[in-house]
Amino acid sequence: MNATAQQLDVPEGFRKNAQGHLIPVDTIKPIDLARDSLVQELIEGAKAQNKALAQFKAGVFADVAAFVTLSAEQYEAKLGGKKGNVTLVSFDGRYKVNVATAENITFDERLQAAKGLIDECIHDWSRDSGPEIKVIVQQAFDTDKEGNISTGRILGLRRLDIKDERWQRAMQAIGESVQVIGTSQYVRFYERVGSTDQYQPISLDVAKV
């Protein structure tokens, strides 16, 4: 039996199935054993690649941060806080590395006040406004399967040019309800296509390779 698949609570000569039942190995079809062996092998490889990618990513952030500090020192400038968005390009312009920092935001209870004001507007406009604005507003407050609201759609409401005083107060409430709960860092790699000015991403997503 594969050592990685062996569990401490499973006696020799048995396998535990998906329901947690102990099944004698000699009663399991060879094709099922072969499938299990293949899956175990592939998962081990995937975990190794995942670990290597995590180490590579950490190294990229550390190297870029060190380079930004080095570059700043050329001008005797001191950098404070976290590094922001940085794009590094190779000398020949063929390769580009982009490190970006994005804020993770949520909304506090003032979002509900904004929605109340918006609902008042929609109710009063119901006879004169087109269905498009209603759909835009309704979709903005829709939640996904996890019950989360799309921050992009909510903030997108602020780009609508609506003069109604209640709407303006709602947009102010939305702005003041924004809470930054953390940041996420992303790194992307690009290679220039031929002699053009277009860059093609070097994907590290298995599904896109």
# chains A, B, ... in the order shown; residues from 1 in each chain; ligands from 1
$ residues_around --residues "A:Val178" --least-positions-apart "3" --cutoff "12 Å" --atoms "only C-alpha atoms" --output "PyMOL selection string"
chain A and resi 103-111+114+151-152+154-155+171-175+181
$ residues_around --residues "A:Leu33" --least-positions-apart "4" --cutoff "12 Å" --atoms "only C-alpha atoms" --output "number ranges by chain"
A: 1-2, 5, 14-17, 23-29, 37-40
$ select_by_dssp --residues "stretch 19-51 of chain A" --states "helix (DSSP H, G or I)" --output "ChimeraX atom specification"
/A:25-27,30-51
$ write_last_selection --atoms "C-alpha atoms" --output "PDB file, in the first residue's frame"
ATOM      1  CA  VAL A  25      -7.996  -4.771  -0.185  1.00  0.00           C
ATOM      2  CA  ASP A  26      -8.540  -8.169  -1.832  1.00  0.00           C
ATOM      3  CA  THR A  27     -12.208  -7.307  -2.414  1.00  0.00           C
ATOM      4  CA  PRO A  30      -7.945  -3.687  -9.573  1.00  0.00           C
ATOM      5  CA  ILE A  31      -9.159  -0.696 -11.592  1.00  0.00           C
ATOM      6  CA  ASP A  32     -10.264   1.043  -8.382  1.00  0.00           C
ATOM      7  CA  LEU A  33      -6.856   0.418  -6.805  1.00  0.00           C
ATOM      8  CA  ALA A  34      -5.130   1.696  -9.935  1.00  0.00           C
ATOM      9  CA  ARG A  35      -7.294   4.830  -9.927  1.00  0.00           C
ATOM     10  CA  ASP A  36      -6.500   5.454  -6.257  1.00  0.00           C
ATOM     11  CA  SER A  37      -2.787   5.022  -6.897  1.00  0.00           C
ATOM     12  CA  LEU A  38      -2.879   7.467  -9.807  1.00  0.00           C
ATOM     13  CA  VAL A  39      -4.810  10.086  -7.833  1.00  0.00           C
ATOM     14  CA  GLN A  40      -2.444   9.791  -4.867  1.00  0.00           C
ATOM     15  CA  GLU A  41       0.558  10.198  -7.161  1.00  0.00           C
ATOM     16  CA  LEU A  42      -0.897  13.231  -8.952  1.00  0.00           C
ATOM     17  CA  ILE A  43      -1.909  14.901  -5.701  1.00  0.00           C
ATOM     18  CA  GLU A  44       1.587  14.457  -4.287  1.00  0.00           C
ATOM     19  CA  GLY A  45       2.973  16.122  -7.406  1.00  0.00           C
ATOM     20  CA  ALA A  46       0.427  18.938  -7.181  1.00  0.00           C
ATOM     21  CA  LYS A  47       1.295  19.571  -3.525  1.00  0.00           C
ATOM     22  CA  ALA A  48       4.992  19.714  -4.389  1.00  0.00           C
ATOM     23  CA  GLN A  49       4.321  22.216  -7.182  1.00  0.00           C
ATOM     24  CA  ASN A  50       2.070  24.251  -4.880  1.00  0.00           C
ATOM     25  CA  LYS A  51       4.811  24.447  -2.261  1.00  0.00           C
TER      26      LYS A  51
END
$ closest_residue --among "A:Ser126, A:Ser71, A:Ser177, A:Thr196" --to "A:Ala113" --atoms "only C-alpha atoms"
A:Ser177
$ atom_distance --atom1 "atom CA of A:Cys121" --atom2 "atom CA of A:Glu176"
19.7 Å
$ atom_distance --atom1 "atom CA of A:Ser184" --atom2 "atom CA of A:Thr101"
5.7 Å
$ closest_residue --among "A:Ala102, A:Ile118, A:Leu88, A:Asp9" --to "A:Val180" --atoms "only C-alpha atoms"
A:Ala102
$ atom_distance --atom1 "atom CA of A:Ala54" --atom2 "atom CA of A:Val209"
17.5 Å
$ closest_residue --among "A:Glu191, A:Glu12, A:Glu120, A:Asp144" --to "A:Tyr95" --atoms "only C-alpha atoms"
A:Glu191
